[in-house]
file query.txt (compact mmCIF, C-alpha atoms)
# COMPACT_ATOMS: atom_id res chain seq x y z
CA MET A 12 -29.59 -15.24 62.63
CA THR A 13 -28.48 -18.59 61.31
CA ALA A 14 -26.38 -19.17 58.21
CA HIS A 15 -29.47 -20.50 56.41
CA ASP A 16 -31.41 -17.30 57.19
CA THR A 17 -28.50 -15.18 55.95
CA ARG A 18 -28.34 -17.02 52.61
CA THR A 19 -32.12 -16.68 52.23
CA ALA A 20 -32.00 -12.92 52.85
CA VAL A 21 -29.16 -12.41 50.38
CA HIS A 22 -30.97 -14.46 47.76
CA THR A 23 -34.20 -12.51 48.26
CA ARG A 24 -32.37 -9.18 48.01
CA SER A 25 -30.57 -10.20 44.79
CA ARG A 26 -33.87 -11.24 43.20
CA ALA A 27 -35.39 -7.90 44.14
CA ASN A 28 -32.46 -6.04 42.63
CA THR A 29 -32.70 -8.11 39.46
CA ARG A 30 -36.41 -7.30 39.11
CA ALA A 31 -35.70 -3.61 39.66
CA ILE A 32 -33.00 -3.61 37.00
CA ASN A 33 -35.16 -5.50 34.54
CA SER A 34 -38.13 -3.22 35.14
CA GLY A 35 -35.93 -0.17 34.69
CA SER A 36 -34.36 -1.53 31.53
CA GLY A 37 -37.79 -2.31 30.18
CA ARG A 38 -38.79 1.35 30.49
CA ARG A 39 -35.50 2.55 29.04
CA ARG A 40 -35.94 4.16 25.64
CA PRO A 41 -33.36 4.33 22.89
CA PRO A 42 -31.55 7.67 22.69
CA LYS A 43 -33.23 10.25 20.54
CA TYR A 44 -31.85 11.07 17.11
CA ASN A 45 -30.04 14.36 17.54
CA ARG A 46 -30.62 16.13 14.26
CA ARG A 47 -28.46 19.08 15.22
CA GLU A 48 -25.43 16.90 15.93
CA ALA A 49 -25.99 14.93 12.71
CA ILE A 50 -26.05 18.11 10.65
CA ALA A 51 -22.90 19.34 12.35
CA GLY A 52 -21.19 16.03 11.62
CA TYR A 53 -22.12 16.16 7.94
CA LEU A 54 -20.89 19.76 7.73
CA PHE A 55 -17.53 18.75 9.16
CA ILE A 56 -17.04 15.96 6.62
CA SER A 57 -18.62 17.87 3.71
CA PRO A 58 -15.25 19.05 2.28
CA TRP A 59 -14.17 15.42 1.92
CA ILE A 60 -17.54 14.38 0.49
CA ILE A 61 -17.46 17.20 -2.08
CA GLY A 62 -13.85 16.42 -2.98
CA PHE A 63 -14.62 12.73 -3.40
CA LEU A 64 -17.71 13.35 -5.55
CA VAL A 65 -16.02 15.93 -7.79
CA PHE A 66 -12.39 14.84 -8.03
CA THR A 67 -12.67 11.06 -7.59
CA LEU A 68 -16.10 9.68 -8.41
CA GLY A 69 -16.86 12.40 -10.95
CA ALA A 70 -13.48 12.02 -12.63
CA MET A 71 -13.90 8.23 -12.79
CA ALA A 72 -17.35 8.56 -14.36
CA TYR A 73 -16.06 11.07 -16.90
CA SER A 74 -13.07 8.89 -17.79
CA LEU A 75 -15.43 5.97 -18.37
CA VAL A 76 -17.45 8.13 -20.77
CA ILE A 77 -14.47 9.36 -22.78
CA SER A 78 -13.02 5.84 -22.94
CA PHE A 79 -15.77 5.12 -25.49
CA SER A 80 -14.84 8.12 -27.64
CA ASP A 81 -11.97 9.59 -29.60
CA TYR A 82 -11.22 12.58 -27.41
CA ASN A 83 -8.32 14.81 -28.38
CA LEU A 84 -7.31 17.46 -25.88
CA ALA A 85 -5.29 19.45 -28.42
CA THR A 86 -8.31 20.07 -30.63
CA ASN A 87 -10.88 19.73 -27.81
CA SER A 88 -12.93 17.44 -29.98
CA ALA A 89 -14.63 14.13 -29.28
CA SER A 90 -16.39 11.62 -31.47
CA PRO A 91 -18.04 8.33 -30.50
CA ALA A 92 -15.74 5.35 -30.89
CA GLY A 93 -17.70 2.54 -29.29
CA VAL A 94 -15.39 -0.17 -27.97
CA ASP A 95 -12.58 0.65 -30.42
CA ASN A 96 -10.30 1.92 -27.64
CA TYR A 97 -10.71 -1.31 -25.69
CA VAL A 98 -10.09 -3.39 -28.80
CA GLU A 99 -6.95 -1.36 -29.44
CA LEU A 100 -5.70 -2.34 -25.96
CA PHE A 101 -5.28 -5.91 -27.19
CA ASN A 102 -3.81 -4.87 -30.56
CA ASP A 103 -1.19 -2.43 -29.28
CA PRO A 104 1.97 -4.42 -28.45
CA ARG A 105 3.27 -1.67 -26.16
CA VAL A 106 0.28 -2.14 -23.87
CA ALA A 107 1.19 -5.78 -23.35
CA LEU A 108 4.87 -4.86 -22.99
CA SER A 109 4.25 -2.15 -20.39
CA LEU A 110 1.79 -4.34 -18.48
CA GLY A 111 4.28 -7.21 -18.42
CA ASN A 112 7.03 -4.91 -17.15
CA THR A 113 4.72 -3.59 -14.45
CA LEU A 114 3.64 -7.04 -13.24
CA PHE A 115 7.26 -8.23 -13.21
CA TYR A 116 8.27 -5.19 -11.18
CA ALA A 117 5.40 -5.74 -8.71
CA VAL A 118 6.37 -9.38 -8.16
CA MET A 119 9.94 -8.31 -7.50
CA ALA A 120 9.36 -5.15 -5.47
CA VAL A 121 6.51 -6.05 -3.09
CA PRO A 122 8.20 -9.00 -1.31
CA LEU A 123 11.48 -7.08 -1.01
CA GLU A 124 9.71 -4.04 0.41
CA ILE A 125 7.90 -6.21 2.98
CA ILE A 126 11.11 -7.97 4.04
CA PHE A 127 13.21 -4.81 4.21
CA ALA A 128 10.57 -2.78 6.05
CA LEU A 129 10.02 -5.60 8.56
CA PHE A 130 13.79 -5.90 9.09
CA LEU A 131 14.06 -2.18 9.87
CA ALA A 132 11.03 -2.36 12.18
CA LEU A 133 12.59 -5.27 14.09
CA LEU A 134 15.78 -3.28 14.54
CA LEU A 135 13.91 -0.21 15.80
CA ASN A 136 11.82 -2.36 18.10
CA ARG A 137 14.97 -3.43 19.91
CA VAL A 138 16.30 0.11 20.35
CA GLY A 139 15.73 1.53 23.78
CA ARG A 140 17.31 4.91 24.44
CA GLY A 141 17.39 7.17 21.40
CA ALA A 142 14.66 5.28 19.54
CA GLY A 143 12.99 8.54 18.51
CA VAL A 144 16.16 9.74 16.79
CA PHE A 145 16.50 6.54 14.77
CA ARG A 146 12.84 6.61 13.79
CA THR A 147 13.24 10.15 12.51
CA VAL A 148 16.38 9.29 10.55
CA TYR A 149 14.78 6.22 9.00
CA TYR A 150 11.67 8.17 8.05
CA LEU A 151 13.49 11.06 6.35
CA PRO A 152 13.73 9.31 2.94
CA LYS A 153 9.93 9.21 2.83
CA MET A 154 9.85 12.98 3.12
CA THR A 155 12.36 13.51 0.30
CA PRO A 156 10.75 14.70 -2.99
CA ALA A 157 10.72 12.12 -5.77
CA VAL A 158 12.70 14.40 -8.12
CA ALA A 159 15.50 14.80 -5.57
CA THR A 160 15.57 11.06 -4.92
CA ALA A 161 15.76 10.33 -8.66
CA SER A 162 18.64 12.80 -9.06
CA VAL A 163 20.56 11.08 -6.27
CA PHE A 164 20.00 7.63 -7.75
CA LEU A 165 21.06 8.80 -11.20
CA LEU A 166 24.45 9.45 -9.61
CA LEU A 167 24.49 6.32 -7.48
CA LEU A 168 23.51 3.99 -10.33
CA ASN A 169 25.85 5.39 -12.96
CA GLY A 170 27.59 2.38 -14.46
CA ASN A 171 30.97 4.06 -14.74
CA THR A 172 31.26 6.57 -11.90
CA GLY A 173 28.37 5.60 -9.61
CA ALA A 174 28.98 5.06 -5.91
CA ILE A 175 27.29 1.65 -5.93
CA ASN A 176 29.59 0.23 -8.62
CA LYS A 177 32.61 1.75 -6.91
CA ALA A 178 31.65 0.03 -3.67
CA LEU A 179 31.23 -3.26 -5.54
CA ALA A 180 34.62 -2.80 -7.24
CA ALA A 181 36.22 -2.35 -3.82
CA VAL A 182 35.31 -5.96 -3.00
CA GLY A 183 36.24 -7.29 -6.44
CA ILE A 184 32.79 -7.27 -8.08
CA GLN A 185 32.21 -5.58 -11.41
CA GLY A 186 28.95 -3.69 -11.20
CA PRO A 187 26.43 -3.74 -14.06
CA GLN A 188 25.22 -0.86 -16.18
CA TRP A 189 22.14 -0.25 -14.05
CA LEU A 190 20.50 2.34 -16.29
CA ILE A 191 21.44 0.86 -19.67
CA ASP A 192 21.40 -2.92 -19.41
CA PRO A 193 17.76 -4.09 -19.88
CA ASN A 194 18.32 -6.88 -17.37
CA TRP A 195 19.19 -4.40 -14.62
CA VAL A 196 16.67 -1.64 -15.33
CA LYS A 197 13.93 -3.06 -13.11
CA PRO A 198 16.31 -3.89 -10.22
CA SER A 199 17.53 -0.29 -10.33
CA ILE A 200 13.94 0.95 -9.95
CA VAL A 201 13.40 -1.54 -7.13
CA LEU A 202 16.44 -0.12 -5.32
CA MET A 203 14.98 3.35 -5.63
CA THR A 204 11.65 2.05 -4.30
CA LEU A 205 13.30 0.42 -1.28
CA TRP A 206 14.67 3.83 -0.35
CA GLY A 207 11.16 4.91 0.67
CA VAL A 208 9.85 1.94 2.67
CA SER A 209 9.78 3.92 5.93
CA GLY A 210 5.99 4.29 5.74
CA THR A 211 5.62 0.52 5.70
CA MET A 212 8.25 0.26 8.43
CA VAL A 213 6.21 2.50 10.76
CA ILE A 214 3.15 0.28 10.38
CA PHE A 215 5.20 -2.82 11.18
CA LEU A 216 6.78 -1.09 14.16
CA ALA A 217 3.36 -0.23 15.58
CA ALA A 218 2.25 -3.84 15.10
CA LEU A 219 5.36 -5.17 16.83
CA LYS A 220 4.75 -2.91 19.82
CA ASN A 221 1.32 -4.51 20.27
CA VAL A 222 2.58 -8.10 20.43
CA PRO A 223 2.18 -9.28 24.07
CA ARG A 224 5.53 -9.84 25.75
CA ASP A 225 4.04 -12.70 27.74
CA LEU A 226 4.03 -14.86 24.63
CA TYR A 227 7.79 -14.49 24.20
CA GLU A 228 8.41 -15.21 27.87
CA VAL A 229 6.35 -18.39 27.75
CA ALA A 230 8.08 -19.46 24.53
CA SER A 231 11.49 -18.88 26.12
CA ILE A 232 10.55 -21.03 29.09
CA ASP A 233 9.50 -23.78 26.68
CA GLY A 234 12.91 -23.58 25.00
CA ALA A 235 11.99 -21.73 21.80
CA GLY A 236 14.85 -19.72 20.32
CA PRO A 237 14.62 -16.31 18.58
CA ILE A 238 14.04 -17.80 15.12
CA ARG A 239 11.29 -20.10 16.38
CA GLN A 240 9.66 -17.22 18.25
CA PHE A 241 9.79 -15.06 15.13
CA PHE A 242 7.93 -17.56 12.96
CA THR A 243 5.50 -18.87 15.58
CA ILE A 244 4.71 -15.67 17.49
CA THR A 245 5.81 -12.52 15.68
CA ILE A 246 4.65 -13.37 12.16
CA PRO A 247 1.18 -14.66 13.20
CA MET A 248 0.57 -11.74 15.57
CA ILE A 249 1.44 -9.11 12.93
CA SER A 250 -0.09 -11.00 10.00
CA ALA A 251 -2.91 -8.45 9.72
CA SER A 252 -0.37 -5.66 9.24
CA ILE A 253 1.55 -7.76 6.73
CA PHE A 254 -1.65 -8.36 4.78
CA PHE A 255 -2.52 -4.66 4.81
CA ASN A 256 0.94 -3.68 3.59
CA VAL A 257 0.87 -6.32 0.86
CA ILE A 258 -2.43 -4.93 -0.43
CA VAL A 259 -1.24 -1.31 -0.36
CA LEU A 260 2.18 -2.02 -1.85
CA THR A 261 0.72 -4.19 -4.61
CA ILE A 262 -1.67 -1.42 -5.65
CA ALA A 263 1.17 1.10 -5.56
CA ALA A 264 3.50 -1.18 -7.55
CA LEU A 265 0.91 -1.65 -10.29
CA GLN A 266 0.63 2.12 -10.57
CA VAL A 267 4.38 2.81 -10.51
CA PHE A 268 5.21 5.95 -12.43
CA ASP A 269 7.54 8.39 -10.65
CA GLN A 270 10.60 6.17 -10.40
CA ALA A 271 10.53 4.94 -14.00
CA TYR A 272 9.60 8.30 -15.49
CA LEU A 273 12.22 10.30 -13.61
CA LEU A 274 15.03 7.82 -14.25
CA PHE A 275 14.34 6.96 -17.89
CA TRP A 276 11.54 8.95 -19.56
CA ARG A 277 11.93 12.51 -18.31
CA ASP A 278 13.79 13.49 -21.47
CA GLN A 279 11.51 13.04 -24.48
CA THR A 280 14.48 12.58 -26.80
CA ASN A 281 16.03 9.90 -24.61
CA SER A 282 16.21 6.43 -26.16
CA SER A 283 15.14 4.64 -23.01
CA PRO A 284 15.22 0.82 -22.86
CA GLU A 285 11.92 -0.92 -23.47
CA SER A 286 12.22 -2.72 -20.15
CA SER A 287 11.68 0.61 -18.40
CA LEU A 288 8.33 1.23 -20.10
CA PHE A 289 5.79 0.75 -17.34
CA TYR A 290 2.03 0.86 -17.71
CA GLY A 291 1.69 4.20 -15.93
CA VAL A 292 4.40 5.75 -18.10
CA TYR A 293 2.77 4.57 -21.32
CA LEU A 294 -0.63 5.80 -20.11
CA PHE A 295 0.94 9.20 -19.40
CA GLN A 296 2.48 9.29 -22.86
CA GLN A 297 -0.83 8.51 -24.53
CA ALA A 298 -2.68 11.15 -22.53
CA PHE A 299 -0.27 14.08 -22.26
CA ARG A 300 2.11 13.65 -25.17
CA GLN A 301 -0.08 12.20 -27.89
CA PHE A 302 -3.29 13.71 -26.41
CA ASN A 303 -5.16 10.50 -27.03
CA PHE A 304 -7.33 10.76 -23.94
CA GLY A 305 -9.90 8.19 -25.04
CA PHE A 306 -7.31 5.45 -25.36
CA ALA A 307 -5.60 6.55 -22.12
CA ALA A 308 -8.93 6.37 -20.27
CA ALA A 309 -9.46 2.84 -21.58
CA MET A 310 -5.97 1.94 -20.33
CA ALA A 311 -6.82 3.37 -16.92
CA TRP A 312 -9.99 1.28 -16.66
CA LEU A 313 -8.13 -1.86 -17.70
CA LEU A 314 -5.63 -1.22 -14.91
CA PHE A 315 -8.50 -0.62 -12.48
CA VAL A 316 -10.01 -4.00 -13.33
CA ILE A 317 -6.64 -5.77 -12.99
CA ILE A 318 -6.00 -4.18 -9.58
CA LEU A 319 -9.52 -5.06 -8.46
CA ILE A 320 -9.13 -8.71 -9.45
CA ILE A 321 -5.71 -9.03 -7.80
CA THR A 322 -7.00 -7.40 -4.61
CA LEU A 323 -10.05 -9.68 -4.46
CA VAL A 324 -7.80 -12.73 -4.88
CA GLN A 325 -5.54 -11.51 -2.08
CA VAL A 326 -8.51 -10.92 0.22
CA LYS A 327 -9.93 -14.35 -0.63
CA PHE A 328 -6.73 -16.15 0.35
CA SER A 329 -6.03 -13.96 3.36
CA ASN A 330 -8.42 -15.96 5.57
CA ARG A 331 -5.96 -18.84 5.57
CA PHE A 332 -2.96 -16.83 6.72
CA VAL A 333 -4.15 -13.73 8.58
CA TYR A 334 -4.86 -13.86 12.31
CA TYR A 335 -7.04 -11.22 13.93
CA GLU A 336 -7.23 -10.75 17.67
CA GLY A 337 -10.40 -12.36 18.95
CA ASP A 338 -10.45 -15.11 16.32
CA LYS A 339 -10.93 -18.64 17.56

call {"tool": "encode", "arguments": {"input": "query.txt", "output": "structure tokens"}}
result
Amino acid sequence: MTAHDTRTAVHTRSRANTRAINSGSGRRRPPKYNRREAIAGYLFISPWIIGFLVFTLGAMAYSLVISFSDYNLATNSASPAGVDNYVELFNDPRVALSLGNTLFYAVMAVPLEIIFALFLALLLNRVGRGAGVFRTVYYLPKMTPAVATASVFLLLLNGNTGAINKALAAVGIQGPQWLIDPNWVKPSIVLMTLWGVSGTMVIFLAALKNVPRDLYEVASIDGAGPIRQFFTITIPMISASIFFNVIVLTIAALQVFDQAYLLFWRDQTNSSPESSLFYGVYLFQQAFRQFNFGFAAAMAWLLFVIILIITLVQVKFSNRFVYYEGDK
């Protein structure tokens, strides 16, 4: 058999196989809908569905209803109020004060949390033997209850006998009155927030593990140093994780409550500085101290709208900075 005859036979056989595949695929039917498996799937996720409908969606709908009424939990009475609660949001100066404090805290805390968590993740990414031990140690602060953390920081941030000011005095720096001086109240809360960035650190560490090592090797051959590699390879490759953490941390910062309440507002008779009055704290006071649930619900919906707008803006601008694998 000549070479020409061999090529002809191979070509004929491939065409026959193609026709057989096409004819078989043409008779192939889509898989049947398995009703039994679908019911089982819905049963498995039904606890979450019921919890979401009752405790999340139902609670949100009810809060929207009572935001248009004067609802007092102490007397269990409600009367229609129209939009009076929403008008009062713009007339109450403490609403603007608490919202301003919250936004200022978010602008300060979110970038620092991102930088600090990424720094810790970079350190852990370089650890070889014993990496599991360091990961556990770094994650322990996340597992510490908020009350215990606040108690520790009350001692650390004491202006006279606190460990932080003593450490600063050892190098010739006079530490501020963290918990009294209005200019240092928000930085003290930020310090307490940075104590629990291990959750963000774990996400960054996972993203760093997925960066291809080939990129660094090629960059090294081209003469790129560590700093150049960090900004041209590491940051773009983990930009999706950075964007996710920015969204989550921004939402959490706008709802900050535990740190400010435990440090400054736990004692009802305490004359706390106005700079420590955050939006979540004032909402809590309106709802559970003054029992003005209608006004508190209106505050909650205002915060929801603000968070929604900020998140939409962040998502809109993310297309310019976030790289996803598979993008052109």

call {"tool": "closest_atom_pairs", "arguments": {"input": "query.txt", "of": "segment 260-309 of chain A", "to": "segment 171-193 of chain A", "cutoff": "9 Å", "atoms": "all atoms listed in the file", "output": "JSON lines"}}
result
{"residue": "A:Leu274", "atom": "CA", "partner": "A:Leu190", "partner_atom": "CA", "distance": 8.0}
{"residue": "A:Phe275", "atom": "CA", "partner": "A:Leu190", "partner_atom": "CA", "distance": 7.9}
{"residue": "A:Ser283", "atom": "CA", "partner": "A:Ile191", "partner_atom": "CA", "distance": 8.1}
{"residue": "A:Pro284", "atom": "CA", "partner": "A:Pro193", "partner_atom": "CA", "distance": 6.3}
{"residue": "A:Glu285", "atom": "CA", "partner": "A:Pro193", "partner_atom": "CA", "distance": 7.6}
{"residue": "A:Ser286", "atom": "CA", "partner": "A:Pro193", "partner_atom": "CA", "distance": 5.7}
{"residue": "A:Ser287", "atom": "CA", "partner": "A:Pro193", "partner_atom": "CA", "distance": 7.8}

call {"tool": "residues_around", "arguments": {"input": "query.txt", "residues": "segment 136-143 of chain A", "least_positions_apart": "5", "cutoff": "12 Å", "atoms": "all atoms listed in the file", "output": "JSON, numbers by chain"}}
result
{"A": [129, 130, 131, 148, 149, 150, 212, 213, 214, 215, 216, 217, 218, 219, 220, 221, 222]}

call {"tool": "write_last_selection", "arguments": {"input": "query.txt", "atoms": "C-alpha atoms", "output": "PDB file, in the coordinates of the input"}}
result
ATOM      1  CA  LEU A 129      10.020  -5.600   8.560  1.00  0.00           C
ATOM      2  CA  PHE A 130      13.790  -5.900   9.090  1.00  0.00           C
ATOM      3  CA  LEU A 131      14.060  -2.180   9.870  1.00  0.00           C
ATOM      4  CA  VAL A 148      16.380   9.290  10.550  1.00  0.00           C
ATOM      5  CA  TYR A 149      14.780   6.220   9.000  1.00  0.00           C
ATOM      6  CA  TYR A 150      11.670   8.170   8.050  1.00  0.00           C
ATOM      7  CA  MET A 212       8.250   0.260   8.430  1.00  0.00           C
ATOM      8  CA  VAL A 213       6.210   2.500  10.760  1.00  0.00           C
ATOM      9  CA  ILE A 214       3.150   0.280  10.380  1.00  0.00           C
ATOM     10  CA  PHE A 215       5.200  -2.820  11.180  1.00  0.00           C
ATOM     11  CA  LEU A 216       6.780  -1.090  14.160  1.00  0.00           C
ATOM     12  CA  ALA A 217       3.360  -0.230  15.580  1.00  0.00           C
ATOM     13  CA  ALA A 218       2.250  -3.840  15.100  1.00  0.00           C
ATOM     14  CA  LEU A 219       5.360  -5.170  16.830  1.00  0.00           C
ATOM     15  CA  LYS A 220       4.750  -2.910  19.820  1.00  0.00           C
ATOM     16  CA  ASN A 221       1.320  -4.510  20.270  1.00  0.00           C
ATOM     17  CA  VAL A 222       2.580  -8.100  20.430  1.00  0.00           C
TER      18      VAL A 222
END

call {"tool": "closest_residue", "arguments": {"input": "query.txt", "among": "A:Met203, A:Arg105, A:Val196, A:Val292", "to": "Leu167 of chain A", "atoms": "only C-alpha atoms"}}
result
A:Met203

call {"tool": "atom_distance", "arguments": {"input": "query.txt", "atom1": "atom CA of Ala120 of chain A", "atom2": "atom CA of Met71 of chain A"}}
result
27.8 Å

call {"tool": "residues_around", "arguments": {"input": "query.txt", "residues": "segment 226-238 of chain A", "least_positions_apart": "6", "cutoff": "12 Å", "atoms": "all atoms listed in the file", "output": "PDB file with C-alpha atoms, keeping the file's coordinate frame"}}
result
ATOM      1  CA  ILE A 244       4.710 -15.670  17.490  1.00  0.00           C
ATOM      2  CA  THR A 245       5.810 -12.520  15.680  1.00  0.00           C
ATOM      3  CA  ILE A 246       4.650 -13.370  12.160  1.00  0.00           C
ATOM      4  CA  PRO A 247       1.180 -14.660  13.200  1.00  0.00           C
ATOM      5  CA  MET A 248       0.570 -11.740  15.570  1.00  0.00           C
TER       6      MET A 248
END

call {"tool": "closest_residue", "arguments": {"input": "query.txt", "among": "A:Tyr293, A:Phe164, A:Phe241, A:Phe315", "to": "Leu133 of chain A", "atoms": "only C-alpha atoms"}}
result
A:Phe241
